[in-house]
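Have a look at model-v9.cif below; it lists mmCIF, C-alpha atoms and all ligand atoms.
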data_protein
loop_
_atom_site.group_PDB
_atom_site.id
_atom_site.type_symbol
_atom_site.label_atom_id
_atom_site.label_comp_id
_atom_site.auth_asym_id
_atom_site.auth_seq_id
_atom_site.Cartn_x
_atom_site.Cartn_y
_atom_site.Cartn_z
ATOM 1 C CA MET F 1 -75.356 166.995 52.120
ATOM 2 C CA ALA F 2 -76.617 163.454 51.631
ATOM 3 C CA LEU F 3 -80.294 163.108 50.727
ATOM 4 C CA VAL F 4 -80.560 159.801 52.590
ATOM 5 C CA SER F 5 -78.285 158.783 55.419
ATOM 6 C CA ALA F 6 -78.544 155.508 57.343
ATOM 7 C CA ARG F 7 -76.448 154.829 60.429
ATOM 8 C CA ASN F 8 -76.612 151.399 61.975
ATOM 9 C CA VAL F 9 -80.209 150.937 60.906
ATOM 10 C CA GLU F 10 -81.862 147.745 62.116
ATOM 11 C CA LYS F 11 -85.297 146.321 61.481
ATOM 12 C CA THR F 12 -86.503 143.368 63.465
ATOM 13 C CA TYR F 13 -89.948 141.856 63.001
ATOM 14 C CA GLU F 14 -91.423 139.817 65.819
ATOM 15 C CA VAL F 15 -93.341 136.865 64.452
ATOM 16 C CA GLY F 16 -94.808 135.090 67.457
ATOM 17 C CA GLU F 17 -91.797 134.014 69.521
ATOM 18 C CA VAL F 18 -89.401 134.426 66.619
ATOM 19 C CA GLU F 19 -87.407 137.532 65.728
ATOM 20 C CA VAL F 20 -86.722 138.132 62.033
ATOM 21 C CA HIS F 21 -83.707 140.399 61.528
ATOM 22 C CA ALA F 22 -84.823 141.869 58.207
ATOM 23 C CA ILE F 23 -82.203 144.669 58.157
ATOM 24 C CA GLN F 24 -78.992 144.514 60.149
ATOM 25 C CA GLY F 25 -76.527 147.357 60.750
ATOM 26 C CA ALA F 26 -77.266 149.231 57.527
ATOM 27 C CA ASP F 27 -74.842 152.119 56.969
ATOM 28 C CA PHE F 28 -75.008 154.086 53.742
ATOM 29 C CA THR F 29 -75.581 157.504 52.242
ATOM 30 C CA ILE F 30 -77.305 158.523 49.017
ATOM 31 C CA ASP F 31 -76.515 161.798 47.270
ATOM 32 C CA PRO F 32 -79.101 164.140 45.796
ATOM 33 C CA ALA F 33 -79.923 163.520 42.115
ATOM 34 C CA SER F 34 -78.386 160.056 42.132
ATOM 35 C CA PHE F 35 -79.718 156.928 40.437
ATOM 36 C CA VAL F 36 -79.460 154.090 42.900
ATOM 37 C CA SER F 37 -80.425 150.432 43.006
ATOM 38 C CA PHE F 38 -80.819 148.024 45.909
ATOM 39 C CA VAL F 39 -80.307 144.529 44.587
ATOM 40 C CA GLY F 40 -80.842 141.194 46.250
ATOM 41 C CA PRO F 41 -82.822 137.976 46.142
ATOM 42 C CA SER F 42 -86.350 137.671 47.444
ATOM 43 C CA GLY F 43 -86.417 138.011 51.238
ATOM 44 C CA SER F 44 -83.104 139.890 51.442
ATOM 45 C CA GLY F 45 -84.750 143.032 52.864
ATOM 46 C CA LYS F 46 -85.265 145.313 49.837
ATOM 47 C CA SER F 47 -88.894 146.214 50.582
ATOM 48 C CA THR F 48 -88.188 146.608 54.293
ATOM 49 C CA LEU F 49 -85.414 149.086 53.538
ATOM 50 C CA LEU F 50 -87.369 151.064 50.919
ATOM 51 C CA ASN F 51 -90.388 151.204 53.240
ATOM 52 C CA MET F 52 -88.254 152.730 55.978
ATOM 53 C CA ILE F 53 -86.709 155.297 53.605
ATOM 54 C CA GLY F 54 -90.259 156.064 52.420
ATOM 55 C CA CYS F 55 -91.454 156.584 56.015
ATOM 56 C CA LEU F 56 -93.982 153.764 55.681
ATOM 57 C CA ASP F 57 -92.265 151.915 58.521
ATOM 58 C CA HIS F 58 -89.802 152.694 61.351
ATOM 59 C CA PRO F 59 -86.348 151.302 62.008
ATOM 60 C CA SER F 60 -86.124 149.240 65.214
ATOM 61 C CA ALA F 61 -82.775 150.912 65.953
ATOM 62 C CA GLY F 62 -80.307 153.331 64.395
ATOM 63 C CA THR F 63 -80.700 156.683 62.683
ATOM 64 C CA LEU F 64 -82.294 157.279 59.318
ATOM 65 C CA SER F 65 -82.457 160.734 57.875
ATOM 66 C CA VAL F 66 -84.124 161.822 54.638
ATOM 67 C CA ALA F 67 -83.809 165.343 53.215
ATOM 68 C CA GLY F 68 -82.253 166.537 56.461
ATOM 69 C CA THR F 69 -85.029 165.184 58.695
ATOM 70 C CA ASP F 70 -84.551 162.349 61.160
ATOM 71 C CA VAL F 71 -87.471 160.191 60.056
ATOM 72 C CA SER F 72 -86.929 157.299 62.493
ATOM 73 C CA GLY F 73 -89.285 158.783 65.070
ATOM 74 C CA LEU F 74 -92.017 160.429 62.959
ATOM 75 C CA ASP F 75 -95.554 159.523 64.017
ATOM 76 C CA ARG F 76 -98.142 158.466 61.423
ATOM 77 C CA LYS F 77 -99.432 161.933 60.719
ATOM 78 C CA ALA F 78 -95.998 163.546 60.472
ATOM 79 C CA ALA F 79 -94.804 160.683 58.264
ATOM 80 C CA ALA F 80 -97.755 161.125 55.907
ATOM 81 C CA GLN F 81 -97.094 164.843 55.669
ATOM 82 C CA PHE F 82 -93.392 164.244 55.071
ATOM 83 C CA ARG F 83 -94.143 161.739 52.299
ATOM 84 C CA GLY F 84 -96.526 164.168 50.630
ATOM 85 C CA GLN F 85 -93.846 166.855 50.577
ATOM 86 C CA HIS F 86 -90.764 164.895 49.628
ATOM 87 C CA ILE F 87 -91.402 161.396 48.314
ATOM 88 C CA GLY F 88 -93.031 159.801 45.287
ATOM 89 C CA PHE F 89 -93.700 156.076 44.936
ATOM 90 C CA ILE F 90 -93.714 153.698 41.967
ATOM 91 C CA PHE F 91 -95.015 150.185 42.595
ATOM 92 C CA GLN F 92 -94.437 146.783 41.059
ATOM 93 C CA ASP F 93 -98.125 146.409 40.152
ATOM 94 C CA PHE F 94 -98.449 150.069 39.017
ATOM 95 C CA ASN F 95 -101.242 150.908 41.519
ATOM 96 C CA LEU F 96 -103.144 153.177 39.166
ATOM 97 C CA ILE F 97 -106.703 154.001 40.169
ATOM 98 C CA PRO F 98 -108.914 152.053 37.726
ATOM 99 C CA VAL F 99 -111.843 154.501 37.660
ATOM 100 C CA LEU F 100 -109.645 157.496 36.858
ATOM 101 C CA THR F 101 -108.220 158.334 33.442
ATOM 102 C CA VAL F 102 -104.484 158.583 32.820
ATOM 103 C CA ALA F 103 -104.581 162.371 33.286
ATOM 104 C CA GLU F 104 -106.694 162.074 36.436
ATOM 105 C CA ASN F 105 -104.313 159.522 37.904
ATOM 106 C CA VAL F 106 -101.424 161.945 37.457
ATOM 107 C CA GLU F 107 -103.495 164.800 38.881
ATOM 108 C CA TYR F 108 -104.558 162.825 41.940
ATOM 109 C CA PRO F 109 -101.486 163.413 44.182
ATOM 110 C CA LEU F 110 -101.672 167.127 43.349
ATOM 111 C CA LEU F 111 -105.213 167.223 44.735
ATOM 112 C CA LEU F 112 -104.067 165.476 47.894
ATOM 113 C CA VAL F 113 -101.007 167.471 48.807
ATOM 114 C CA GLN F 114 -101.061 170.771 46.967
ATOM 115 C CA ASN F 115 -103.601 173.489 46.993
ATOM 116 C CA TRP F 116 -102.977 174.615 43.434
ATOM 117 C CA PRO F 117 -105.464 176.473 41.274
ATOM 118 C CA VAL F 118 -106.986 174.268 38.625
ATOM 119 C CA ALA F 119 -105.126 175.856 35.675
ATOM 120 C CA LYS F 120 -101.728 175.318 37.307
ATOM 121 C CA ARG F 121 -102.665 171.722 38.106
ATOM 122 C CA ARG F 122 -103.747 170.988 34.538
ATOM 123 C CA GLN F 123 -100.541 172.554 33.243
ATOM 124 C CA ARG F 124 -98.441 170.371 35.520
ATOM 125 C CA VAL F 125 -100.334 167.239 34.471
ATOM 126 C CA SER F 126 -99.787 167.926 30.780
ATOM 127 C CA GLU F 127 -96.084 168.618 31.345
ATOM 128 C CA MET F 128 -95.696 165.312 33.148
ATOM 129 C CA LEU F 129 -97.655 163.351 30.526
ATOM 130 C CA GLU F 130 -95.447 164.864 27.867
ATOM 131 C CA ALA F 131 -92.258 164.114 29.827
ATOM 132 C CA VAL F 132 -93.070 160.391 29.836
ATOM 133 C CA ASP F 133 -94.518 160.508 26.297
ATOM 134 C CA ILE F 134 -98.014 159.331 27.170
ATOM 135 C CA THR F 135 -100.026 162.402 26.135
ATOM 136 C CA ALA F 136 -101.885 160.456 23.456
ATOM 137 C CA GLN F 137 -103.364 158.180 26.148
ATOM 138 C CA ALA F 138 -104.417 161.007 28.510
ATOM 139 C CA ASP F 139 -108.139 160.175 28.403
ATOM 140 C CA LYS F 140 -107.795 156.408 28.483
ATOM 141 C CA TYR F 141 -108.350 154.245 31.546
ATOM 142 C CA PRO F 142 -105.639 152.020 33.041
ATOM 143 C CA HIS F 143 -107.207 148.793 31.701
ATOM 144 C CA GLN F 144 -106.768 150.152 28.163
ATOM 145 C CA LEU F 145 -102.979 150.439 28.579
ATOM 146 C CA SER F 146 -100.080 148.006 28.273
ATOM 147 C CA GLY F 147 -97.905 147.286 31.324
ATOM 148 C CA GLY F 148 -95.171 149.587 30.077
ATOM 149 C CA GLN F 149 -97.663 152.404 29.463
ATOM 150 C CA LYS F 150 -99.105 151.946 32.955
ATOM 151 C CA GLN F 151 -95.668 152.216 34.482
ATOM 152 C CA ARG F 152 -94.986 155.386 32.478
ATOM 153 C CA VAL F 153 -98.143 156.885 33.965
ATOM 154 C CA ALA F 154 -96.927 155.828 37.414
ATOM 155 C CA VAL F 155 -93.594 157.586 36.776
ATOM 156 C CA ALA F 156 -95.460 160.765 35.749
ATOM 157 C CA ARG F 157 -97.647 160.546 38.843
ATOM 158 C CA ALA F 158 -94.633 160.096 41.139
ATOM 159 C CA LEU F 159 -92.954 163.144 39.591
ATOM 160 C CA ALA F 160 -96.030 165.389 39.542
ATOM 161 C CA THR F 161 -95.648 166.821 43.043
ATOM 162 C CA ASN F 162 -91.986 167.741 42.510
ATOM 163 C CA ALA F 163 -90.881 165.080 44.958
ATOM 164 C CA ARG F 164 -87.123 165.153 45.558
ATOM 165 C CA LEU F 165 -86.970 161.422 46.047
ATOM 166 C CA ILE F 166 -88.730 158.667 44.156
ATOM 167 C CA LEU F 167 -88.827 155.149 45.529
ATOM 168 C CA ALA F 168 -89.607 152.281 43.208
ATOM 169 C CA ASP F 169 -89.856 148.803 44.739
ATOM 170 C CA GLU F 170 -89.232 146.303 41.923
ATOM 171 C CA PRO F 171 -90.843 148.604 39.323
ATOM 172 C CA THR F 172 -89.971 146.260 36.467
ATOM 173 C CA ALA F 173 -90.985 142.943 38.027
ATOM 174 C CA ASN F 174 -94.213 142.750 36.014
ATOM 175 C CA LEU F 175 -92.716 143.873 32.710
ATOM 176 C CA ASP F 176 -90.971 141.977 29.946
ATOM 177 C CA HIS F 177 -87.252 142.605 29.629
ATOM 178 C CA GLN F 178 -87.306 145.131 26.838
ATOM 179 C CA THR F 179 -90.077 147.155 28.488
ATOM 180 C CA ALA F 180 -88.221 146.941 31.805
ATOM 181 C CA TYR F 181 -85.136 148.538 30.237
ATOM 182 C CA ARG F 182 -87.264 151.277 28.714
ATOM 183 C CA ILE F 183 -88.828 152.119 32.074
ATOM 184 C CA ILE F 184 -85.470 152.203 33.872
ATOM 185 C CA ASN F 185 -84.041 154.421 31.128
ATOM 186 C CA LEU F 186 -87.090 156.672 31.331
ATOM 187 C CA MET F 187 -86.536 157.016 35.078
ATOM 188 C CA LYS F 188 -82.913 157.906 34.422
ATOM 189 C CA ARG F 189 -83.894 160.567 31.893
ATOM 190 C CA MET F 190 -86.348 161.995 34.416
ATOM 191 C CA ARG F 191 -83.518 162.140 36.943
ATOM 192 C CA ASP F 192 -81.408 164.053 34.395
ATOM 193 C CA GLU F 193 -84.238 166.437 33.578
ATOM 194 C CA PHE F 194 -85.678 167.101 37.038
ATOM 195 C CA GLU F 195 -82.679 166.194 39.260
ATOM 196 C CA THR F 196 -84.948 163.906 41.222
ATOM 197 C CA THR F 197 -83.217 161.130 43.150
ATOM 198 C CA PHE F 198 -84.420 157.665 42.141
ATOM 199 C CA ILE F 199 -83.974 154.613 44.319
ATOM 200 C CA PHE F 200 -85.231 151.369 42.854
ATOM 201 C CA SER F 201 -84.970 147.765 43.910
ATOM 202 C CA THR F 202 -84.662 144.738 41.693
ATOM 203 C CA HIS F 203 -83.563 141.141 41.834
ATOM 204 C CA ASP F 204 -82.623 141.275 38.165
ATOM 205 C CA PRO F 205 -78.833 141.616 37.698
ATOM 206 C CA LYS F 206 -79.308 142.991 34.170
ATOM 207 C CA ILE F 207 -81.646 145.771 35.246
ATOM 208 C CA MET F 208 -79.347 146.798 38.081
ATOM 209 C CA GLU F 209 -76.575 147.623 35.621
ATOM 210 C CA ALA F 210 -78.416 150.799 34.635
ATOM 211 C CA ALA F 211 -77.868 152.199 38.146
ATOM 212 C CA GLU F 212 -74.970 154.511 38.947
ATOM 213 C CA VAL F 213 -74.779 153.320 42.514
ATOM 214 C CA ILE F 214 -75.569 149.748 43.491
ATOM 215 C CA PHE F 215 -76.112 148.433 46.982
ATOM 216 C CA THR F 216 -76.450 144.697 47.407
ATOM 217 C CA LEU F 217 -78.571 143.131 50.101
ATOM 218 C CA GLU F 218 -77.901 139.734 51.529
ATOM 219 C CA ASP F 219 -79.810 138.500 54.563
ATOM 220 C CA GLY F 220 -80.512 142.066 55.623
ATOM 221 C CA ARG F 221 -76.917 143.301 55.276
ATOM 222 C CA VAL F 222 -76.169 146.159 52.892
ATOM 223 C CA ALA F 223 -72.927 146.467 50.932
ATOM 224 C CA ARG F 224 -71.932 148.948 48.255
ATOM 225 C CA GLU F 225 -70.958 147.566 44.846
ATOM 226 C CA GLY F 226 -69.966 149.226 41.606
ATOM 227 C CA GLY F 227 -72.538 150.712 39.300
ATOM 228 C CA SER F 228 -72.110 152.469 35.978
ATOM 229 C CA ASN F 229 -70.281 155.423 37.599
ATOM 230 C CA ALA F 230 -67.735 153.285 39.444
HETATM 231 P P1 LIG C 301 -87.483 141.546 49.765
HETATM 232 O O1 LIG C 301 -88.264 142.774 49.463
HETATM 233 O O2 LIG C 301 -86.025 141.661 49.426
HETATM 234 O O3 LIG C 301 -88.075 140.318 49.155
HETATM 235 P P2 LIG C 301 -88.493 141.879 52.459
HETATM 236 O O4 LIG C 301 -88.001 143.197 52.930
HETATM 237 O O5 LIG C 301 -89.885 141.798 52.014
HETATM 238 O O6 LIG C 301 -87.490 141.315 51.351
HETATM 239 O O7 LIG C 301 -88.296 140.818 53.636
HETATM 240 C C1 LIG C 301 -87.111 140.685 54.394
HETATM 241 C C2 LIG C 301 -87.337 139.667 55.499
HETATM 242 O O8 LIG C 301 -88.255 140.197 56.445
HETATM 243 C C3 LIG C 301 -87.916 138.348 55.019
HETATM 244 O O9 LIG C 301 -87.376 137.329 55.829
HETATM 245 C C4 LIG C 301 -89.396 138.524 55.270
HETATM 246 O O10 LIG C 301 -90.020 137.290 55.477
HETATM 247 C C5 LIG C 301 -89.407 139.367 56.537
HETATM 248 N N1 LIG C 301 -90.579 140.251 56.652
HETATM 249 C C6 LIG C 301 -90.912 141.251 55.791
HETATM 250 N N2 LIG C 301 -92.027 141.890 56.213
HETATM 251 C C7 LIG C 301 -92.406 141.286 57.362
HETATM 252 C C8 LIG C 301 -93.489 141.474 58.284
HETATM 253 N N3 LIG C 301 -94.381 142.445 58.117
HETATM 254 N N4 LIG C 301 -93.547 140.654 59.354
HETATM 255 C C9 LIG C 301 -92.631 139.700 59.535
HETATM 256 N N5 LIG C 301 -91.601 139.441 58.728
HETATM 257 C C10 LIG C 301 -91.484 140.221 57.643
HETATM 258 MG MG MG C 302 -89.881 143.081 48.197
#
Once more with this new file: its structure as structure tokens, please.
Amino acid sequence: MALVSARNVEKTYEVGEVEVHAIQGADFTIDPASFVSFVGPSGSGKSTLLNMIGCLDHPSAGTLSVAGTDVSGLDRKAAAQFRGQHIGFIFQDFNLIPVLTVAENVEYPLLLVQNWPVAKRRQRVSEMLEAVDITAQADKYPHQLSGGQKQRVAVARALATNARLILADEPTANLDHQTAYRIINLMKRMRDEFETTFIFSTHDPKIMEAAEVIFTLEDGRVAREGGSNA
């Protein structure tokens, strides 16, 4: 069964008298444990689409299902609960909490969504830090890290809750090219190890080549392209 399935998904924003058709007739499916990129220029609808898959926003029309649940009609509370159970997020500007250490940042989502005993939580945090090779920085604060290190922490944090799906909206936009490749390859290794599905967006044609499945976005329309598996 597909992990994500979109049928005729539309998103229209009303800006005063004007309607912006941000996503138009999107039809696609994404398999479990796949490594997928949405690619398109600024304004093509990447964030709008990822936000809908991440249950941060609703489609205006159509059906969107994630992990077997029709998410198009979830209310705020149900959406928040669904996100906590199934989805991890990685952001362009890392979004680490500045007053928490690296280890505490990774622990944070576990405190929010899972009622684990402290020993199990600590164990999970150290596994995740090790997986992304950032154990040596565990007690540092975000401002003491490089951009690439911050994004590795963000990857560990997204994985900590055992999310089945990780959404990363332009995760490499604030990184130099070499670091960007490293982060994308790290995400791919994490997919191999944990069978987590990763969906990332980028406007960088070189970064997108690492994806196995590529969807292009142009003026809100989604089309499937090649990818390294094609
Ligand atoms: P991308 O992430 O590819 O840059 P977006 O999804 O942010 O594209 O935007 C797609 C289109 O929708 C753009 O025309 C943008 O201006 C518009 N848009 C995005 N968010 C909103 C909003 N909250 N209100 C109105 N228009 C929006
Ligand atoms: Mg965007």
**Q.** Residue nearest ligand LIG 301 (chain C) - candidates F:Ala103, F:Ala168, F:Ala154, F:Ala210, atoms counted: all atoms listed in the file
**A.** F:Ala168
How would you report the residues lying within 7 Å of ligand LIG 301 (chain C), as a compact mmCIF listing (two decimals) with C-alpha atoms, in the frame of the given file, if you count only C-alpha atoms and all ligand atoms?
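Okay, result.txt is ready:
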# COMPACT_ATOMS: atom_id res chain seq x y z
CA TYR F 13 -89.95 141.86 63.00
CA GLU F 14 -91.42 139.82 65.82
CA VAL F 15 -93.34 136.86 64.45
CA VAL F 20 -86.72 138.13 62.03
CA HIS F 21 -83.71 140.40 61.53
CA ALA F 22 -84.82 141.87 58.21
CA GLY F 40 -80.84 141.19 46.25
CA PRO F 41 -82.82 137.98 46.14
CA SER F 42 -86.35 137.67 47.44
CA GLY F 43 -86.42 138.01 51.24
CA SER F 44 -83.10 139.89 51.44
CA GLY F 45 -84.75 143.03 52.86
CA LYS F 46 -85.26 145.31 49.84
CA SER F 47 -88.89 146.21 50.58
CA THR F 48 -88.19 146.61 54.29
CA LEU F 49 -85.41 149.09 53.54
CA GLY F 220 -80.51 142.07 55.62
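A straight line drawn from CA of Gln123 in chain F to CA of Glu104 in chain F is 12.6 Å long.
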(Q) Given the PyMOL selection byres (((chain F and resi 137) around 12) and not hetatm) and the file above, list the residues it selects as a list in words. (A) Thr101, Val102, Ala103, Glu104, Asn105, Ser126, Leu129, Glu130, Val132, Asp133, Ile134, Thr135, Ala136, Ala138, Asp139, Lys140, Tyr141, Pro142, His143, Gln144, Leu145, Ser146, Gln149, Lys150, Arg152 and Val153 of chain F
Q.
Given only C-alpha atoms and all ligand atoms as the basis, pick out the residue of F:Glu193, F:Glu127, F:Asp204, F:Asp169 nearest to ligand MG 302 (chain C).
A. F:Asp169
Could you give me range 204-224 of chain F completed to N, CA, C and O atoms, formatted as an mmCIF file, in the coordinates of the input?
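The resulting rebuild.cif:
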data_model
loop_
_atom_site.group_PDB
_atom_site.id
_atom_site.type_symbol
_atom_site.label_atom_id
_atom_site.label_comp_id
_atom_site.auth_asym_id
_atom_site.auth_seq_id
_atom_site.Cartn_x
_atom_site.Cartn_y
_atom_site.Cartn_z
ATOM 1 N N ASP F 204 -83.105 141.587 39.501
ATOM 2 C CA ASP F 204 -82.623 141.275 38.165
ATOM 3 C C ASP F 204 -81.250 141.904 37.924
ATOM 4 O O ASP F 204 -81.114 143.118 37.821
ATOM 5 N N PRO F 205 -80.194 141.082 37.844
ATOM 6 C CA PRO F 205 -78.833 141.616 37.698
ATOM 7 C C PRO F 205 -78.667 142.479 36.446
ATOM 8 O O PRO F 205 -77.864 143.408 36.439
ATOM 9 N N LYS F 206 -79.459 142.195 35.391
ATOM 10 C CA LYS F 206 -79.308 142.991 34.170
ATOM 11 C C LYS F 206 -79.878 144.390 34.339
ATOM 12 O O LYS F 206 -79.303 145.363 33.868
ATOM 13 N N ILE F 207 -81.009 144.466 35.009
ATOM 14 C CA ILE F 207 -81.646 145.771 35.246
ATOM 15 C C ILE F 207 -80.767 146.647 36.138
ATOM 16 O O ILE F 207 -80.636 147.845 35.937
ATOM 17 N N MET F 208 -80.118 146.001 37.115
ATOM 18 C CA MET F 208 -79.347 146.798 38.081
ATOM 19 C C MET F 208 -78.181 147.521 37.422
ATOM 20 O O MET F 208 -77.715 148.547 37.910
ATOM 21 N N GLU F 209 -77.727 147.006 36.276
ATOM 22 C CA GLU F 209 -76.575 147.623 35.621
ATOM 23 C C GLU F 209 -76.832 149.054 35.162
ATOM 24 O O GLU F 209 -75.892 149.818 34.940
ATOM 25 N N ALA F 210 -78.093 149.422 35.033
ATOM 26 C CA ALA F 210 -78.416 150.799 34.635
ATOM 27 C C ALA F 210 -78.167 151.796 35.772
ATOM 28 O O ALA F 210 -78.103 152.996 35.547
ATOM 29 N N ALA F 211 -78.037 151.300 36.997
ATOM 30 C CA ALA F 211 -77.868 152.199 38.146
ATOM 31 C C ALA F 211 -76.445 152.731 38.219
ATOM 32 O O ALA F 211 -75.499 152.081 37.793
ATOM 33 N N GLU F 212 -76.302 153.929 38.758
ATOM 34 C CA GLU F 212 -74.970 154.511 38.947
ATOM 35 C C GLU F 212 -74.359 154.085 40.263
ATOM 36 O O GLU F 212 -73.145 154.076 40.423
ATOM 37 N N VAL F 213 -75.235 153.791 41.208
ATOM 38 C CA VAL F 213 -74.779 153.320 42.514
ATOM 39 C C VAL F 213 -75.577 152.065 42.818
ATOM 40 O O VAL F 213 -76.802 152.061 42.670
ATOM 41 N N ILE F 214 -74.882 150.998 43.184
ATOM 42 C CA ILE F 214 -75.569 149.748 43.491
ATOM 43 C C ILE F 214 -75.237 149.317 44.916
ATOM 44 O O ILE F 214 -74.076 149.271 45.306
ATOM 45 N N PHE F 215 -76.282 149.039 45.668
ATOM 46 C CA PHE F 215 -76.112 148.433 46.982
ATOM 47 C C PHE F 215 -76.678 147.021 46.902
ATOM 48 O O PHE F 215 -77.796 146.833 46.407
ATOM 49 N N THR F 216 -75.916 146.052 47.378
ATOM 50 C CA THR F 216 -76.450 144.697 47.407
ATOM 51 C C THR F 216 -76.965 144.393 48.806
ATOM 52 O O THR F 216 -76.447 144.890 49.803
ATOM 53 N N LEU F 217 -77.995 143.567 48.833
ATOM 54 C CA LEU F 217 -78.571 143.131 50.101
ATOM 55 C C LEU F 217 -78.468 141.622 50.177
ATOM 56 O O LEU F 217 -78.817 140.917 49.221
ATOM 57 N N GLU F 218 -77.961 141.163 51.300
ATOM 58 C CA GLU F 218 -77.901 139.734 51.529
ATOM 59 C C GLU F 218 -78.265 139.489 52.978
ATOM 60 O O GLU F 218 -77.597 140.007 53.881
ATOM 61 N N ASP F 219 -79.338 138.769 53.199
ATOM 62 C CA ASP F 219 -79.810 138.500 54.563
ATOM 63 C C ASP F 219 -79.839 139.755 55.421
ATOM 64 O O ASP F 219 -79.403 139.747 56.573
ATOM 65 N N GLY F 220 -80.329 140.846 54.845
ATOM 66 C CA GLY F 220 -80.512 142.066 55.623
ATOM 67 C C GLY F 220 -79.268 142.913 55.790
ATOM 68 O O GLY F 220 -79.307 143.939 56.459
ATOM 69 N N ARG F 221 -78.140 142.494 55.178
ATOM 70 C CA ARG F 221 -76.917 143.301 55.276
ATOM 71 C C ARG F 221 -76.677 144.025 53.959
ATOM 72 O O ARG F 221 -76.778 143.443 52.888
ATOM 73 N N VAL F 222 -76.322 145.310 54.069
ATOM 74 C CA VAL F 222 -76.169 146.159 52.892
ATOM 75 C C VAL F 222 -74.696 146.367 52.590
ATOM 76 O O VAL F 222 -73.921 146.675 53.495
ATOM 77 N N ALA F 223 -74.309 146.181 51.335
ATOM 78 C CA ALA F 223 -72.927 146.467 50.932
ATOM 79 C C ALA F 223 -72.956 147.277 49.644
ATOM 80 O O ALA F 223 -73.850 147.105 48.813
ATOM 81 N N ARG F 224 -71.978 148.144 49.473
ATOM 82 C CA ARG F 224 -71.932 148.948 48.255
ATOM 83 C C ARG F 224 -71.112 148.228 47.181
ATOM 84 O O ARG F 224 -70.028 147.733 47.436
#
